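Structure below is coords38.cif: mmCIF, C-alpha atoms.
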```
data_protein
loop_
_atom_site.label_atom_id
_atom_site.label_comp_id
_atom_site.auth_asym_id
_atom_site.auth_seq_id
_atom_site.Cartn_x
_atom_site.Cartn_y
_atom_site.Cartn_z
CA MET A 2 13.07 -19.34 -1.53
CA LYS A 3 14.62 -16.16 -2.89
CA LYS A 4 14.13 -13.04 -0.80
CA LEU A 5 12.30 -10.20 -2.46
CA LYS A 6 13.91 -6.80 -2.68
CA ASP A 7 11.37 -4.58 -4.38
CA GLU A 8 8.09 -6.44 -4.66
CA ALA A 9 5.03 -4.68 -3.38
CA TYR A 10 3.16 -7.53 -1.77
CA LEU A 11 5.75 -8.63 0.81
CA GLY A 12 6.99 -6.13 3.32
CA SER A 13 9.68 -5.72 5.91
CA LYS A 14 12.69 -3.53 6.35
CA GLU A 15 14.95 -6.44 5.47
CA LYS A 16 13.34 -7.00 2.10
CA GLY A 17 13.21 -3.35 1.20
CA TYR A 18 10.73 -0.68 0.17
CA PRO A 19 9.10 -1.27 -3.21
CA PHE A 20 8.59 2.29 -4.38
CA GLN A 21 12.15 3.60 -4.68
CA GLY A 22 13.60 4.79 -7.97
CA ASP A 23 12.93 7.60 -10.41
CA VAL A 24 9.55 9.14 -11.22
CA ARG A 25 8.63 5.90 -13.00
CA GLU A 26 7.64 4.32 -9.68
CA GLY A 27 5.18 7.09 -8.86
CA ILE A 28 3.66 6.85 -12.32
CA ALA A 29 3.36 3.06 -12.07
CA PHE A 30 1.69 3.38 -8.66
CA ASP A 31 -0.88 5.85 -9.96
CA ASN A 32 -1.36 3.84 -13.15
CA TYR A 33 -2.50 0.96 -10.97
CA GLU A 34 -4.84 3.32 -9.12
CA ALA A 35 -6.22 4.75 -12.37
CA ASN A 36 -6.95 1.36 -13.91
CA PHE A 37 -8.33 -0.77 -11.08
CA SER A 38 -11.41 0.12 -9.08
CA VAL A 39 -13.57 -1.70 -6.55
CA LEU A 40 -17.26 -1.51 -5.66
CA GLU A 41 -17.65 0.00 -2.19
CA TYR A 42 -20.64 0.97 -0.06
CA ASP A 43 -20.52 4.64 0.95
CA ARG A 44 -22.23 5.10 4.31
CA ASN A 45 -22.41 8.87 3.95
CA ARG A 46 -24.17 8.68 0.59
CA ASN A 47 -26.07 5.52 1.50
CA GLU A 48 -25.23 4.01 -1.88
CA SER A 49 -22.62 1.94 -3.66
CA VAL A 50 -19.74 3.73 -5.36
CA ILE A 51 -16.84 2.61 -7.52
CA LEU A 52 -13.50 3.85 -6.23
CA PRO A 53 -9.83 3.13 -6.98
CA ILE A 54 -8.35 0.47 -4.72
CA PHE A 55 -5.92 2.65 -2.72
CA ARG A 56 -8.52 5.40 -2.39
CA ILE A 57 -10.87 2.92 -0.71
CA GLN A 58 -8.22 1.93 1.82
CA ALA A 59 -7.47 5.60 2.51
CA LYS A 60 -11.17 6.39 2.92
CA LEU A 61 -11.71 3.57 5.41
CA LEU A 62 -8.77 4.78 7.50
CA ALA A 63 -9.70 8.45 7.41
CA GLU A 64 -13.21 7.65 8.62
CA PHE A 65 -11.78 6.86 12.07
CA ILE A 66 -10.36 10.36 12.52
CA SER A 67 -12.54 12.98 14.20
CA ALA A 68 -10.23 15.96 13.96
CA GLU A 69 -11.04 19.52 14.95
CA LYS A 70 -10.22 22.62 12.95
CA TYR A 71 -6.48 23.41 12.87
CA ASP A 72 -5.50 19.94 14.11
CA ARG A 73 -2.21 18.70 12.67
CA ILE A 74 -2.37 15.26 11.07
CA LEU A 75 0.64 13.14 10.15
CA ASP A 76 0.31 11.01 7.01
CA LEU A 77 2.99 8.33 7.33
CA GLY A 78 4.01 6.87 4.00
CA SER A 79 2.05 9.49 2.09
CA ARG A 80 3.01 8.01 -1.31
CA THR A 81 1.38 10.04 -4.11
CA GLY A 82 -1.02 11.87 -1.81
CA ILE A 83 -4.04 9.55 -2.05
CA THR A 84 -4.50 9.21 1.71
CA THR A 85 -3.63 12.88 2.18
CA LEU A 86 -6.55 13.96 0.02
CA GLU A 87 -8.97 11.64 1.79
CA ILE A 88 -7.88 13.08 5.16
CA PHE A 89 -8.81 16.56 3.94
CA LEU A 90 -12.13 15.47 2.48
CA GLN A 91 -13.24 13.97 5.78
CA ASN A 92 -11.62 16.50 8.15
CA ARG A 93 -12.12 20.08 7.01
CA GLY A 94 -9.83 22.81 8.31
CA VAL A 95 -6.91 20.56 9.29
CA ASN A 96 -3.24 20.72 8.33
CA VAL A 97 -1.38 17.65 7.07
CA LEU A 98 2.28 16.69 7.12
CA GLY A 99 3.04 13.92 4.64
CA ILE A 100 6.24 11.92 5.04
CA GLU A 101 7.36 9.63 2.23
CA LYS A 102 10.62 7.74 1.80
CA SER A 103 10.50 7.53 -2.00
CA PRO A 104 11.49 10.65 -4.01
CA SER A 105 9.47 9.22 -6.89
CA MET A 106 6.28 9.12 -4.85
CA HIS A 107 7.11 12.47 -3.26
CA ILE A 108 7.41 14.40 -6.51
CA THR A 109 4.21 12.84 -7.84
CA ALA A 110 2.37 13.99 -4.71
CA LEU A 111 3.75 17.52 -5.18
CA TYR A 112 2.35 17.59 -8.70
CA LYS A 113 -1.04 16.23 -7.62
CA PHE A 114 -1.29 18.94 -4.93
CA HIS A 115 -0.17 21.82 -7.21
CA GLN A 116 3.12 22.29 -5.34
CA LEU A 117 5.75 22.12 -8.08
CA ASP A 118 7.33 25.46 -8.98
CA LYS A 119 6.17 25.35 -12.57
CA ASP A 120 3.45 22.82 -11.87
CA LYS A 121 2.44 20.75 -14.89
CA LYS A 122 5.31 21.83 -17.12
CA GLU A 123 8.01 20.95 -14.60
CA PHE A 124 6.51 17.57 -13.75
CA PHE A 125 6.21 16.45 -17.36
CA GLN A 126 9.71 17.70 -18.14
CA ILE A 127 10.99 15.40 -15.38
CA ILE A 128 9.00 12.51 -16.86
CA LYS A 129 10.48 13.18 -20.30
CA LYS A 130 14.07 13.41 -19.00
CA THR A 131 13.80 10.11 -17.13
CA GLY A 132 12.39 8.29 -20.16
CA CYS A 133 9.05 7.49 -18.53
CA ALA A 134 6.76 9.08 -21.10
CA ASP A 135 5.81 5.63 -22.39
CA LEU A 136 3.91 5.02 -19.14
CA LEU A 137 1.54 7.93 -19.67
CA SER A 138 -1.98 7.26 -20.89
CA LYS A 139 -5.29 9.08 -21.25
CA LYS A 140 -6.69 7.14 -18.32
CA LEU A 141 -3.80 8.24 -16.10
CA SER A 142 -4.06 11.84 -17.30
CA ASP A 143 -7.78 11.87 -16.55
CA TYR A 144 -7.12 10.41 -13.11
CA TRP A 145 -4.54 13.11 -12.35
CA GLU A 146 -6.80 15.90 -13.60
CA ASN A 147 -9.71 14.71 -11.46
CA PHE A 148 -7.42 14.37 -8.44
CA ARG A 149 -5.97 17.85 -8.93
CA GLU A 150 -9.46 19.30 -9.20
CA GLU A 151 -10.22 17.92 -5.73
CA SER A 152 -6.84 18.74 -4.19
CA GLN A 153 -6.58 22.38 -5.30
CA PHE A 154 -8.49 23.53 -2.22
CA TYR A 155 -5.91 22.00 0.12
CA LYS A 156 -2.61 22.83 -1.59
CA ASP A 157 -1.69 25.35 1.11
CA LYS A 158 -2.72 23.06 3.97
CA VAL A 159 -0.25 20.24 3.33
CA ARG A 160 3.52 19.93 3.41
CA PHE A 161 5.27 16.88 1.98
CA ILE A 162 8.68 15.77 3.26
CA VAL A 163 10.84 13.11 1.64
CA GLY A 164 12.95 10.89 3.90
CA GLU A 165 12.86 8.02 6.39
CA PHE A 166 10.50 8.79 9.25
CA ASP A 167 12.73 7.49 12.04
CA LYS A 168 15.71 9.52 10.77
CA LEU A 169 14.02 12.88 10.20
CA LYS A 170 14.15 15.80 12.62
CA GLU A 171 10.49 16.49 11.89
CA PRO A 172 7.84 16.50 13.09
CA LYS A 173 8.73 18.26 16.32
CA ASP A 174 8.07 16.63 19.68
CA ASP A 175 4.43 16.58 20.82
CA SER A 176 3.29 18.47 17.72
CA ILE A 177 0.94 15.93 16.08
CA ASP A 178 -2.75 15.56 16.94
CA TRP A 179 -3.49 12.52 14.76
CA ALA A 180 -1.51 10.08 12.64
CA VAL A 181 -2.50 7.82 9.76
CA ALA A 182 -0.43 5.10 8.10
CA ASN A 183 -1.95 3.50 5.01
CA ASN A 184 -0.08 0.30 4.10
CA TYR A 185 3.09 1.71 5.61
CA MET A 186 3.86 0.01 8.91
CA HIS A 187 4.78 -3.37 7.43
CA TRP A 188 7.54 -1.73 5.39
CA THR A 189 9.25 -0.53 8.57
CA GLU A 190 10.87 -1.83 11.70
CA LEU A 191 7.68 -1.68 13.76
CA SER A 192 9.33 -0.96 17.09
CA GLU A 193 11.41 1.92 15.69
CA THR A 194 8.40 3.47 14.00
CA PHE A 195 6.40 3.45 17.23
CA LYS A 196 9.42 4.81 19.09
CA HIS A 197 9.77 7.78 16.76
CA LEU A 198 6.03 8.37 16.62
CA TYR A 199 5.92 8.48 20.41
CA LYS A 200 8.05 11.62 20.31
CA SER A 201 5.87 13.36 17.73
CA LEU A 202 2.36 12.47 18.87
CA LYS A 203 0.68 14.36 21.68
CA ARG A 204 -0.22 12.34 24.76
CA GLY A 205 -3.55 10.51 24.45
CA ARG A 206 -3.62 11.01 20.69
CA GLU A 207 -4.06 8.23 18.17
CA LEU A 208 -2.52 6.54 15.17
CA PHE A 209 -4.86 4.66 12.83
CA TRP A 210 -3.07 2.24 10.57
CA ASN A 211 -3.66 -0.79 8.40
CA THR A 212 -1.57 -3.61 7.05
CA ALA A 213 -1.94 -6.74 4.94
CA SER A 214 -2.51 -10.45 5.44
CA HIS A 215 1.11 -11.37 4.69
CA PHE A 216 2.11 -9.35 7.77
CA PHE A 217 -0.72 -9.98 10.24
CA THR A 218 -2.79 -13.07 11.05
CA ASP A 219 -6.41 -12.07 11.53
CA SER A 220 -8.14 -14.54 13.85
CA LYS A 221 -11.52 -14.05 12.16
CA PHE A 222 -10.27 -14.08 8.58
CA PRO A 223 -7.01 -16.09 8.50
CA ALA A 224 -5.03 -15.72 5.30
CA GLU A 225 -4.63 -19.49 4.95
CA ARG A 226 -8.38 -19.73 4.47
CA TYR A 227 -9.30 -16.52 2.65
CA GLY A 228 -6.13 -14.83 1.36
CA PHE A 229 -5.74 -14.58 -2.41
CA ARG A 230 -2.05 -15.48 -2.20
CA TYR A 231 -3.12 -19.03 -1.32
CA ASN A 232 -5.39 -19.52 -4.35
CA ASP A 233 -4.88 -22.90 -6.01
CA PHE A 234 -4.60 -21.21 -9.40
CA LEU A 235 -1.03 -20.39 -8.41
CA LYS A 236 -0.31 -24.09 -7.84
CA TYR A 237 -1.45 -24.97 -11.36
CA VAL A 238 0.75 -22.25 -12.84
CA LEU A 239 3.73 -23.59 -10.88
CA ASP A 240 2.99 -27.09 -12.19
CA GLU A 241 3.33 -25.73 -15.73
CA VAL A 242 6.56 -23.95 -14.80
CA GLU A 243 7.96 -27.22 -13.42
CA LYS A 244 7.40 -28.88 -16.79
CA ASN A 245 10.20 -26.63 -18.08
CA GLY A 246 12.64 -28.37 -15.76
CA LEU A 247 12.61 -25.66 -13.12
CA GLU A 248 12.43 -26.26 -9.38
CA VAL A 249 9.70 -24.38 -7.52
CA GLU A 250 8.91 -23.81 -3.86
CA ASP A 251 5.63 -24.56 -2.08
CA TYR A 252 3.24 -21.69 -2.78
CA LYS A 253 1.68 -22.07 0.66
CA GLU A 254 4.99 -20.94 2.17
CA LEU A 255 4.96 -17.74 0.13
CA SER A 256 3.66 -15.28 2.69
CA LYS A 257 3.61 -16.46 6.27
CA PRO A 258 2.33 -13.62 8.49
CA THR A 259 4.84 -12.14 10.93
CA HIS A 260 2.43 -10.90 13.60
CA ASP A 261 -0.80 -11.61 15.43
CA ILE A 262 -2.69 -9.23 17.71
CA ASP A 263 -0.68 -10.24 20.78
CA SER A 264 2.68 -9.50 19.16
CA ILE A 265 1.39 -6.18 17.77
CA LYS A 266 0.19 -5.17 21.23
CA ALA A 267 3.51 -6.18 22.79
CA VAL A 268 5.65 -4.24 20.31
CA SER A 269 3.58 -1.08 20.61
CA LYS A 270 3.34 -1.30 24.41
CA GLU A 271 7.14 -1.31 24.72
CA GLN A 272 7.15 2.08 23.00
CA GLY A 273 4.32 3.63 25.01
CA PHE A 274 1.25 2.75 22.94
CA SER A 275 -1.91 0.78 23.60
CA THR A 276 -3.08 -0.97 20.42
CA GLU A 277 -6.32 -2.66 19.45
CA LYS A 278 -7.72 -3.97 16.19
CA VAL A 279 -10.81 -1.93 15.39
CA SER A 280 -11.87 -3.41 12.07
CA THR A 281 -11.09 -5.91 9.33
CA TYR A 282 -12.36 -5.61 5.79
CA LEU A 283 -11.99 -7.95 2.86
CA ILE A 284 -11.43 -6.67 -0.67
CA PRO A 285 -12.22 -9.20 -3.42
CA VAL A 286 -9.20 -9.37 -5.73
CA ASP A 287 -10.27 -9.06 -9.35
CA PHE A 288 -9.00 -12.07 -11.26
CA GLN A 289 -7.63 -9.95 -14.10
CA ILE A 290 -5.62 -7.97 -11.56
CA PHE A 291 -4.47 -11.19 -9.92
CA ILE A 292 -3.19 -12.61 -13.21
CA SER A 293 -1.64 -9.45 -14.62
CA ASN A 294 -0.23 -7.82 -11.49
CA HIS A 295 0.30 -10.32 -8.68
CA LEU A 296 0.77 -13.74 -10.25
CA PRO A 297 3.98 -13.07 -12.24
CA VAL A 298 5.64 -11.70 -9.09
CA PHE A 299 4.50 -14.65 -6.99
CA VAL A 300 5.73 -17.23 -9.49
CA LYS A 301 9.07 -15.48 -9.99
CA THR A 302 9.59 -15.51 -6.24
CA LEU A 303 8.82 -19.22 -5.97
CA VAL A 304 11.18 -20.37 -8.73
CA ALA A 305 14.24 -21.81 -6.99
CA SER A 306 16.28 -22.59 -10.11
CA GLU A 307 18.76 -20.15 -11.61
CA VAL A 308 17.40 -18.94 -14.94
CA ASN A 309 17.80 -15.96 -17.24
CA GLU A 310 15.36 -13.16 -16.38
CA LYS A 311 13.85 -12.85 -19.85
CA GLU A 312 13.60 -16.61 -20.23
CA LEU A 313 11.84 -16.87 -16.89
CA GLU A 314 9.36 -14.18 -17.90
CA ARG A 315 8.61 -16.12 -21.10
CA ILE A 316 8.10 -19.37 -19.17
CA ILE A 317 5.79 -17.67 -16.68
CA LYS A 318 3.67 -16.08 -19.41
CA GLU A 319 3.28 -19.41 -21.18
CA ALA A 320 2.47 -21.18 -17.90
CA ILE A 321 -0.25 -18.66 -17.09
CA ALA A 322 -1.71 -18.93 -20.60
CA LYS A 323 -1.92 -22.73 -20.34
CA THR A 324 -3.42 -22.60 -16.84
CA VAL A 325 -6.16 -20.23 -17.99
CA ASN A 326 -7.37 -23.03 -20.27
CA ASN A 327 -7.41 -25.60 -17.45
CA PRO A 328 -10.91 -25.72 -15.86
CA ASN A 329 -9.52 -27.44 -12.75
CA ALA A 330 -7.47 -24.33 -11.96
CA PHE A 331 -10.62 -22.30 -11.30
CA LYS A 332 -12.18 -24.44 -8.58
CA ASP A 333 -10.77 -22.52 -5.59
CA ASN A 334 -13.50 -19.99 -4.80
CA GLU A 335 -12.45 -19.36 -1.21
CA HIS A 336 -8.97 -17.81 -1.44
CA LYS A 337 -9.87 -14.61 -3.27
CA TYR A 338 -9.57 -11.74 -0.79
CA ASP A 339 -7.04 -9.18 0.31
CA ILE A 340 -7.51 -9.06 4.08
CA ILE A 341 -6.97 -5.58 5.53
CA PRO A 342 -7.00 -5.13 9.33
CA ILE A 343 -7.19 -1.64 10.86
CA PHE A 344 -5.54 -0.80 14.18
CA ARG A 345 -5.86 2.03 16.67
CA SER A 346 -2.70 2.84 18.64
CA VAL A 347 -2.98 5.39 21.45
CA LYS A 348 -0.02 7.12 23.08
CA THR A 349 -0.41 6.28 26.76
CA LYS A 350 2.87 6.92 28.62
CA THR A 351 3.81 10.35 29.97
#
```
Translate the structure described by the file into structure tokens.
Amino acid sequence: MKKLKDEAYLGSKEKGYPFQGDVREGIAFDNYEANFSVLEYDRNRNESVILPIFRIQAKLLAEFISAEKYDRILDLGSRTGITTLEIFLQNRGVNVLGIEKSPSMHITALYKFHQLDKDKKEFFQIIKKTGCADLLSKKLSDYWENFREESQFYKDKVRFIVGEFDKLKEPKDDSIDWAVANNYMHWTELSETFKHLYKSLKRGRELFWNTASHFFTDSKFPAERYGFRYNDFLKYVLDEVEKNGLEVEDYKELSKPTHDIDSIKAVSKEQGFSTEKVSTYLIPVDFQIFISNHLPVFVKTLVASEVNEKELERIIKEAIAKTVNNPNAFKDNEHKYDIIPIFRSVKTKT
């Protein structure tokens, strides 16, 4: 099976970080956020709300923080500022340091938090120069405007840094009260991240972080039983691809989790942290999102034969179209969730 370099659903340092590149990557990330929402129960409002997918994950993480005024919170892998905003909304009076490896994500976050020198004008000039204007849409513009309306109150309370966390000189030792990592840890060398975080976090303070089912095996909700990457629809698409004379790999080997709770505890303990899993939530994956966003990447990864990129894209599109008309391909009603565990890691050593 070919190793992925820049695909967003499989993560490790070896396979790379999916959000590198010019401003296009930040726009694409927020386009996804602007177009796909999920029904979520809001405990504070005592009612159901519809929120963008990454915003929900950020909200669920931020709910675990009980910061005091003037506390300093580290947002690891701050991306375009989605988690950053949710931290502020649930913890008034705090200061946030966002660290993001991707310059594309970084500059988008600066725009969304009113921190570019010439604000809107400068950001859209950058978009125009990099040839990304075709990605803009009214839905994305509305999303940005709504976000900026919320974030304007916190623009002076956050500082965004671009770079690799374990290679930066910041944050200073013992300067962080809380840390949050939203879908970040599985893109790193886990041991090195904990090692660097140990220096920054005050003793007894906590990191709340989540990951995905391709990285962690949840004993209550194992990916092999519930994970959307194992849906039989993928098998039927691969069958159609094979009819074109291409060799494909077993889809059940696509995303074998790297860790379980014991290995997570062991890795973090070596670096001075005590870790426990505090929650697991399941997000139903909308079938339209599955077909349009995930499926082409999965199939491309599983094709073992050498084939021209454009030709492969054509074959995959045709295979998906044929599978949609096959009633047998829709019988798997169990593998339809993204499984998101949340962990609490406490700095314990002196």
Closest-contact table, region 258-286 of chain A side, partner region 178-195 of chain A, 8 Å, counting all atoms listed in the file, as a Markdown table:
```
| residue | atom | partner | partner_atom | distance |
| --- | --- | --- | --- | --- |
| A:Val268 | CA | A:Ser192 | CA | 5.9 |
| A:Ser269 | CA | A:Phe195 | CA | 6.3 |
| A:Glu271 | CA | A:Ser192 | CA | 7.9 |
| A:Gln272 | CA | A:Phe195 | CA | 6.0 |
| A:Phe274 | CA | A:Phe195 | CA | 7.7 |
```
inquiry  = Residue by residue, what does the PyMOL selection byres ((chain A and resi 281) around 8) grab here? Present the result as an MDAnalysis selection string.
reply    = chainID A and resid 278:280 282:283 340:343
task = Considering all atoms listed in the file, state which residue in the set A:Lys203, A:Arg73, A:Lys301, A:Arg25 is at the smallest distance from Glu250 (chain A).
result = A:Lys301
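If only C-alpha atoms are the atoms counted, then among A:Ser152, A:Asn326, A:Ser220, A:Asn294 the closest residue to Phe114 (chain A) is A:Ser152.
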inquiry  = Using all atoms listed in the file, which protein or nucleic acid residues come within 9 Å of region 126-138 of chain A? Drop anything in the same chain fewer than 3 positions from it, and give the result as a ChimeraX atom specification.
reply    = /A:23-25,28-29,32,121-123,141-143
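What the PyMOL selection byres ((chain A and resi 52) around 10) picks from this file is Glu34, Ala35, Phe37, Ser38, Val39, Leu40, Glu41, Tyr42, Ser49, Val50, Ile51, Pro53, Ile54, Phe55, Arg56, Ile57, Gln58 and Lys60 of chain A.
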Please produce a file of those selected residues containing C-alpha atoms, as a compact mmCIF listing (two decimals), in the frame of the given file.
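Printed below is selection-v9.txt as written:
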```
# COMPACT_ATOMS: atom_id res chain seq x y z
CA GLU A 34 -4.84 3.32 -9.12
CA ALA A 35 -6.22 4.75 -12.37
CA PHE A 37 -8.33 -0.77 -11.08
CA SER A 38 -11.41 0.12 -9.08
CA VAL A 39 -13.57 -1.70 -6.55
CA LEU A 40 -17.26 -1.51 -5.66
CA GLU A 41 -17.65 0.00 -2.19
CA TYR A 42 -20.64 0.97 -0.06
CA SER A 49 -22.62 1.94 -3.66
CA VAL A 50 -19.74 3.73 -5.36
CA ILE A 51 -16.84 2.61 -7.52
CA PRO A 53 -9.83 3.13 -6.98
CA ILE A 54 -8.35 0.47 -4.72
CA PHE A 55 -5.92 2.65 -2.72
CA ARG A 56 -8.52 5.40 -2.39
CA ILE A 57 -10.87 2.92 -0.71
CA GLN A 58 -8.22 1.93 1.82
CA LYS A 60 -11.17 6.39 2.92
```
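Matched in the shown structure by the PyMOL selection byres ((chain A and resi 111) around 10): Thr81, Gly82, Met106, His107, Ile108, Thr109, Ala110, Tyr112, Lys113, Phe114, His115, Gln116, Leu117, Asp118, Asp120, Phe124, Lys156, Val159, Arg160, Phe161 and Ile162 of chain A.
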Can those selected residues be exported to a file as a PDB file, in the frame of the given file so that it contains C-alpha atoms?
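What ended up in result_27.pdb:
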```
ATOM      1  CA  THR A  81       1.380  10.040  -4.110  1.00  0.00           C
ATOM      2  CA  GLY A  82      -1.020  11.870  -1.810  1.00  0.00           C
ATOM      3  CA  MET A 106       6.280   9.120  -4.850  1.00  0.00           C
ATOM      4  CA  HIS A 107       7.110  12.470  -3.260  1.00  0.00           C
ATOM      5  CA  ILE A 108       7.410  14.400  -6.510  1.00  0.00           C
ATOM      6  CA  THR A 109       4.210  12.840  -7.840  1.00  0.00           C
ATOM      7  CA  ALA A 110       2.370  13.990  -4.710  1.00  0.00           C
ATOM      8  CA  TYR A 112       2.350  17.590  -8.700  1.00  0.00           C
ATOM      9  CA  LYS A 113      -1.040  16.230  -7.620  1.00  0.00           C
ATOM     10  CA  PHE A 114      -1.290  18.940  -4.930  1.00  0.00           C
ATOM     11  CA  HIS A 115      -0.170  21.820  -7.210  1.00  0.00           C
ATOM     12  CA  GLN A 116       3.120  22.290  -5.340  1.00  0.00           C
ATOM     13  CA  LEU A 117       5.750  22.120  -8.080  1.00  0.00           C
ATOM     14  CA  ASP A 118       7.330  25.460  -8.980  1.00  0.00           C
ATOM     15  CA  ASP A 120       3.450  22.820 -11.870  1.00  0.00           C
ATOM     16  CA  PHE A 124       6.510  17.570 -13.750  1.00  0.00           C
ATOM     17  CA  LYS A 156      -2.610  22.830  -1.590  1.00  0.00           C
ATOM     18  CA  VAL A 159      -0.250  20.240   3.330  1.00  0.00           C
ATOM     19  CA  ARG A 160       3.520  19.930   3.410  1.00  0.00           C
ATOM     20  CA  PHE A 161       5.270  16.880   1.980  1.00  0.00           C
ATOM     21  CA  ILE A 162       8.680  15.770   3.260  1.00  0.00           C
TER      22      ILE A 162
END
```
key: Shortest interatomic distance to Leu90 (chain A) - which of A:Asp76, A:Ser105, A:Tyr338, A:Glu151, counting all atoms listed in the file   = A:Glu151
ask   = Can you find the residues with an atom no farther than 8 Å from (-1.8, -20.7, 1.9), counting all atoms listed in the file, and report them as a list in words?
value = Ala224, Glu225, Arg226, Gly228, Arg230, Tyr231, Asn232, Tyr252, Lys253, Glu254, Leu255 and Ser256 of chain A
request  = May I have the residues within 8 Å of Asp175 (chain A) as a VMD selection string, using only C-alpha atoms and disregarding those fewer than 2 positions away in the same chain?
outcome  = chain A and resid 173 177 200 to 204
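Atom to atom, CA of Arg345 (chain A) and CA of Val286 (chain A) stand 25.4 Å apart.
Relative to CA of Ile100 (chain A), CA of Leu75 (chain A) is found at 7.7 Å.
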query = Which one is closest to Asp251 (chain A): A:Leu303, A:Val325, A:Glu165, A:Leu208? Count only C-alpha atoms.
reply =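 Among the listed residues, the smallest separation from Asp251 (chain A) belongs to A:Leu303.
Between Asp174 (chain A) and the residues A:Phe299, A:Ala305, A:Lys196, A:Arg149, the shortest atom-to-atom distance, using all atoms listed in the file, involves A:Lys196.
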query = Excluding same-chain residues fewer than 6 positions from Gly205 (chain A), what lies within 8 Å of it counting all atoms listed in the file, as a ChimeraX atom specification?
reply = /A:347-349
query = Using only C-alpha atoms, which of A:Phe229, A:Tyr144, A:Tyr71, A:Phe331 sits nearest Asn36 (chain A)?
reply =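 Checking each candidate against Asn36 (chain A), we get A:Tyr144 as the closest.
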ask   = Rounded to one decimal in Å, what is the spacing between CA of Glu241 (chain A) and CA of His215 (chain A)?
value =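 CA of Glu241 (chain A) sits 25.1 Å away from CA of His215 (chain A).
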